[in-house]
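K.L.:
Structure incoming, see below.
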Amino acid sequence: LIETLEWLRKRPDVKARRFTVEIPEALRDWIARETKLGNPALEAEAAKTRDPELEHALRWSKAVNESITAMVRGVPPFPFVRESIEKLGGHADVLVVSATPQEALCREWEEHDLAKHVAAICGQEIGTKKQTLEVARQYEPNHALMIGDAPGDHRAAVANNVLFFPINPGGEEASWERLFEEGIDRFLGDTFAGDYQQQLLDEFESYLPEKPPWPVEETGGGCRCCST
C-alpha cells in the first residue's frame, strides 16, 4: 500500500490534477519496526494505539481480503502447476508459503484439489515468508527449493539458504513448464545450484523493470516496481 501511494505521487497526471496523495506515516513507521506484516499484528497494534491511520489501513486490508474471497472463484492454476506439485510430492515435502490470508489459501487449494499434495499451507497469519521458510533449515544444503514470482520470495529464500526457482512475471506458463520439464529434475539430481540457478535469476531480473511503464517524476532514489 505504501509503495503504491509513493508511486502514485510520482505520476504527472496526478500532480496535474493537483491531487494530494496522503501517505499514512503511522503505517509506514509500523511497517519499519514490525516483523509480522499481516492483519493479526496490524489489528493488535491498532487496538493498542487507537491510531486512526492504522485503523484505516486495517479496514482497507480487510476489505481487500473480502473482495478476493468474493471474486476469486473457479480460476484454475497455470498449466504445469498441478503436474509440478505432483512430481515434487513423490520426492519432497511440499509447503505453501504465502502472504495471502489462510482462509483464502486453503479454499483455493482445496477448490482445485491441490491441498492433498502438500504437507502444510501457511498464510499471512503464520508469519512472513522469511519466517515461515525457516523450517527449511532442517534440510541438508541444496535440498530445499522455493518457487516464487517476486523479489521478496527470492530474498526469503536467500535468507534461509534455500534454492530459488523464479516464475517470471508475464511468462508464468513458460516458467511452470520449464520447472516441470527440467527444474525439478535438476533439483532432485543435485545439479540445480550454481550456473543453472544463476541463469534463471538473470532471466528473472530482466523481467523486473527499474521504472514503471508510465511516466513518473523522480523525487530521489528509484525503487523496483515489483516487490512484496
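Scheme for the C-alpha cells: letters A, B, ... for chains in order shown; per-chain residue numbers from 1; ligand numbers from 1 in order shown.
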List as a ChimeraX atom specification the protein and nucleic acid residues near Leu42 (chain A), meaning an atom at most 10 Å away when only C-alpha atoms are counted, but skip any in the same chain fewer than 6 places from it.

P.N.:
/A:27,30-31,34,36,48,54-55,57-58,61

K.L.:
Based on DSSP run over this structure's backbone, return all residues of region 3-100 of chain A in helix (DSSP H, G or I), as a VMD selection string.

P.N.:
chain A and resid 3 to 10 12 to 16 25 to 33 39 to 49 52 to 71 81 to 89

K.L.:
Atoms to include: C-alpha atoms. Write the selected residues as an mmCIF file, in the first residue's frame.

P.N.:
```cif
data_model
loop_
_atom_site.group_PDB
_atom_site.id
_atom_site.type_symbol
_atom_site.label_atom_id
_atom_site.label_comp_id
_atom_site.auth_asym_id
_atom_site.auth_seq_id
_atom_site.Cartn_x
_atom_site.Cartn_y
_atom_site.Cartn_z
ATOM 1 C CA GLU A 3 4.736 1.742 -2.240
ATOM 2 C CA THR A 4 1.589 2.133 -4.341
ATOM 3 C CA LEU A 5 0.901 5.530 -2.809
ATOM 4 C CA GLU A 6 4.521 6.582 -3.291
ATOM 5 C CA TRP A 7 4.401 5.663 -6.988
ATOM 6 C CA LEU A 8 1.051 7.430 -7.323
ATOM 7 C CA ARG A 9 2.658 10.607 -6.014
ATOM 8 C CA LYS A 10 5.162 10.498 -8.885
ATOM 9 C CA PRO A 12 2.480 13.627 -13.625
ATOM 10 C CA ASP A 13 -1.224 13.222 -14.357
ATOM 11 C CA VAL A 14 -1.954 13.042 -10.632
ATOM 12 C CA LYS A 15 0.101 16.178 -9.988
ATOM 13 C CA ALA A 16 -1.532 17.957 -12.928
ATOM 14 C CA GLU A 25 3.131 7.851 8.319
ATOM 15 C CA ALA A 26 1.907 5.774 11.251
ATOM 16 C CA LEU A 27 1.560 2.810 8.908
ATOM 17 C CA ARG A 28 4.992 3.442 7.406
ATOM 18 C CA ASP A 29 6.541 3.530 10.899
ATOM 19 C CA TRP A 30 4.756 0.334 11.919
ATOM 20 C CA ILE A 31 5.961 -1.477 8.785
ATOM 21 C CA ALA A 32 9.539 -0.424 9.557
ATOM 22 C CA ARG A 33 9.538 -1.952 13.036
ATOM 23 C CA ASN A 39 -3.635 -8.354 9.642
ATOM 24 C CA PRO A 40 -3.293 -10.036 13.061
ATOM 25 C CA ALA A 41 -0.286 -7.889 14.011
ATOM 26 C CA LEU A 42 -1.831 -4.763 12.484
ATOM 27 C CA GLU A 43 -5.092 -5.361 14.326
ATOM 28 C CA ALA A 44 -3.253 -5.738 17.628
ATOM 29 C CA GLU A 45 -1.291 -2.520 17.048
ATOM 30 C CA ALA A 46 -4.402 -0.599 16.012
ATOM 31 C CA ALA A 47 -6.258 -1.790 19.111
ATOM 32 C CA LYS A 48 -3.342 -0.815 21.348
ATOM 33 C CA THR A 49 -2.664 2.628 19.889
ATOM 34 C CA PRO A 52 -6.717 6.408 13.065
ATOM 35 C CA GLU A 53 -4.243 5.749 10.240
ATOM 36 C CA LEU A 54 -3.631 2.189 11.407
ATOM 37 C CA GLU A 55 -7.355 1.623 11.892
ATOM 38 C CA HIS A 56 -7.991 2.921 8.364
ATOM 39 C CA ALA A 57 -5.274 0.655 6.934
ATOM 40 C CA LEU A 58 -6.766 -2.339 8.757
ATOM 41 C CA ARG A 59 -10.230 -1.631 7.347
ATOM 42 C CA TRP A 60 -8.715 -1.341 3.860
ATOM 43 C CA SER A 61 -6.784 -4.605 4.236
ATOM 44 C CA LYS A 62 -9.851 -6.487 5.443
ATOM 45 C CA ALA A 63 -11.898 -5.067 2.571
ATOM 46 C CA VAL A 64 -9.280 -6.288 0.077
ATOM 47 C CA ASN A 65 -9.355 -9.778 1.582
ATOM 48 C CA GLU A 66 -13.157 -9.828 1.473
ATOM 49 C CA SER A 67 -13.099 -8.736 -2.169
ATOM 50 C CA ILE A 68 -10.649 -11.518 -3.040
ATOM 51 C CA THR A 69 -12.881 -14.043 -1.293
ATOM 52 C CA ALA A 70 -15.872 -12.837 -3.296
ATOM 53 C CA MET A 71 -14.122 -12.592 -6.671
ATOM 54 C CA VAL A 81 1.346 -26.257 -11.754
ATOM 55 C CA ARG A 82 -0.549 -29.416 -10.849
ATOM 56 C CA GLU A 83 1.916 -31.617 -12.710
ATOM 57 C CA SER A 84 4.881 -29.964 -10.964
ATOM 58 C CA ILE A 85 3.369 -30.314 -7.498
ATOM 59 C CA GLU A 86 2.541 -33.963 -8.123
ATOM 60 C CA LYS A 87 6.047 -34.615 -9.449
ATOM 61 C CA LEU A 88 7.649 -32.993 -6.407
ATOM 62 C CA GLY A 89 5.241 -34.638 -3.994
#
```

K.L.:
From the list A:His112, A:Val72, A:Phe187, A:Val162, which residue is nearest Gln138 (chain A) when using only C-alpha atoms?

P.N.:
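Comparing A:His112, A:Val72, A:Phe187, A:Val162 against Gln138 (chain A), the winner is A:Val162.
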
K.L.:
Excluding region 192-208 of chain A and its own-chain neighbours fewer than 2 positions away, which residues fall within 9 Å of it when counting only C-alpha atoms? Please give them as a list in words.

P.N.:
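That gives Asn142, Asp149, Pro151, Leu163, Phe164, Phe165, Pro166, Ile167, Asn168, Pro169, Gly170, Gly171, Gly183, Ile184, Asp185, Arg186, Phe187, Leu188, Gly189, Asp190, Glu210, Lys211, Arg224, Cys225 and Cys226 of chain A.
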
K.L.:
Which residues, written as a PyMOL selection string, have at least one atom at most 10 Å from Thr128 (chain A), with only C-alpha atoms counted and residues fewer than 3 positions away on the same chain left out?

P.N.:
chain A and resi 35-38+97-99+122-125+131-133+156

K.L.:
Could you turn the residues from that selection into a file that holds N, CA and C atoms, as an mmCIF file, in the first residue's frame?

P.N.:
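Writing done, so here's selection-v9.cif:
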```cif
data_model
loop_
_atom_site.group_PDB
_atom_site.id
_atom_site.type_symbol
_atom_site.label_atom_id
_atom_site.label_comp_id
_atom_site.auth_asym_id
_atom_site.auth_seq_id
_atom_site.Cartn_x
_atom_site.Cartn_y
_atom_site.Cartn_z
ATOM 1 N N THR A 35 7.808 -7.189 12.430
ATOM 2 C CA THR A 35 8.368 -8.321 11.683
ATOM 3 C C THR A 35 7.281 -9.184 11.050
ATOM 4 N N LYS A 36 6.086 -9.186 11.619
ATOM 5 C CA LYS A 36 4.976 -9.964 11.074
ATOM 6 C C LYS A 36 3.974 -9.014 10.422
ATOM 7 N N LEU A 37 4.190 -8.769 9.133
ATOM 8 C CA LEU A 37 3.345 -7.813 8.419
ATOM 9 C C LEU A 37 2.083 -8.499 7.908
ATOM 10 N N GLY A 38 1.108 -8.608 8.773
ATOM 11 C CA GLY A 38 -0.171 -9.206 8.421
ATOM 12 C C GLY A 38 -1.271 -8.588 9.253
ATOM 13 N N VAL A 97 3.823 -21.345 1.093
ATOM 14 C CA VAL A 97 4.230 -20.182 1.884
ATOM 15 C C VAL A 97 3.724 -18.940 1.168
ATOM 16 N N SER A 98 2.839 -18.188 1.812
ATOM 17 C CA SER A 98 2.205 -17.066 1.127
ATOM 18 C C SER A 98 1.846 -15.952 2.096
ATOM 19 N N ALA A 99 1.707 -14.735 1.554
ATOM 20 C CA ALA A 99 1.239 -13.590 2.330
ATOM 21 C C ALA A 99 -0.271 -13.433 2.210
ATOM 22 N N CYS A 122 0.615 -22.352 4.663
ATOM 23 C CA CYS A 122 0.960 -21.302 5.623
ATOM 24 C C CYS A 122 0.675 -19.927 5.043
ATOM 25 N N GLY A 123 -0.338 -19.259 5.572
ATOM 26 C CA GLY A 123 -0.697 -17.925 5.119
ATOM 27 C C GLY A 123 -0.074 -16.845 5.969
ATOM 28 N N GLN A 124 -0.587 -15.620 5.805
ATOM 29 C CA GLN A 124 -0.005 -14.462 6.483
ATOM 30 C C GLN A 124 -0.098 -14.558 7.996
ATOM 31 N N GLU A 125 -1.071 -15.317 8.511
ATOM 32 C CA GLU A 125 -1.214 -15.418 9.958
ATOM 33 C C GLU A 125 -0.056 -16.167 10.608
ATOM 34 N N GLN A 131 10.124 -15.881 7.726
ATOM 35 C CA GLN A 131 9.971 -16.606 8.983
ATOM 36 C C GLN A 131 9.454 -18.023 8.758
ATOM 37 N N THR A 132 8.460 -18.159 7.901
ATOM 38 C CA THR A 132 7.879 -19.479 7.649
ATOM 39 C C THR A 132 8.885 -20.410 6.997
ATOM 40 N N LEU A 133 9.707 -19.848 6.127
ATOM 41 C CA LEU A 133 10.669 -20.662 5.388
ATOM 42 C C LEU A 133 11.827 -21.139 6.264
ATOM 43 N N ALA A 156 13.552 -14.106 0.709
ATOM 44 C CA ALA A 156 13.215 -15.060 1.768
ATOM 45 C C ALA A 156 13.996 -16.355 1.598
#
```

K.L.:
May I ask for the distance between CA of Gly90 (chain A) and CA of Thr191 (chain A), given in Å to one decimal place?

P.N.:
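CA of Thr191 (chain A) lies at a distance of 18.6 Å from CA of Gly90 (chain A).
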
K.L.:
For Val118 (chain A), which residue among A:Ala104, A:Lys130, A:Val96, A:Trp176 is the nearest when counting only C-alpha atoms?

P.N.:
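Once distances to Val118 (chain A) are computed over only C-alpha atoms, the minimum belongs to A:Val96.
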
K.L.:
Please report the interatomic distance between CA of Ala144 (chain A) and CA of Arg107 (chain A) in Å with one decimal.

P.N.:
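Computing the Euclidean distance for CA of Ala144 (chain A) and CA of Arg107 (chain A) yields 25.8 Å.
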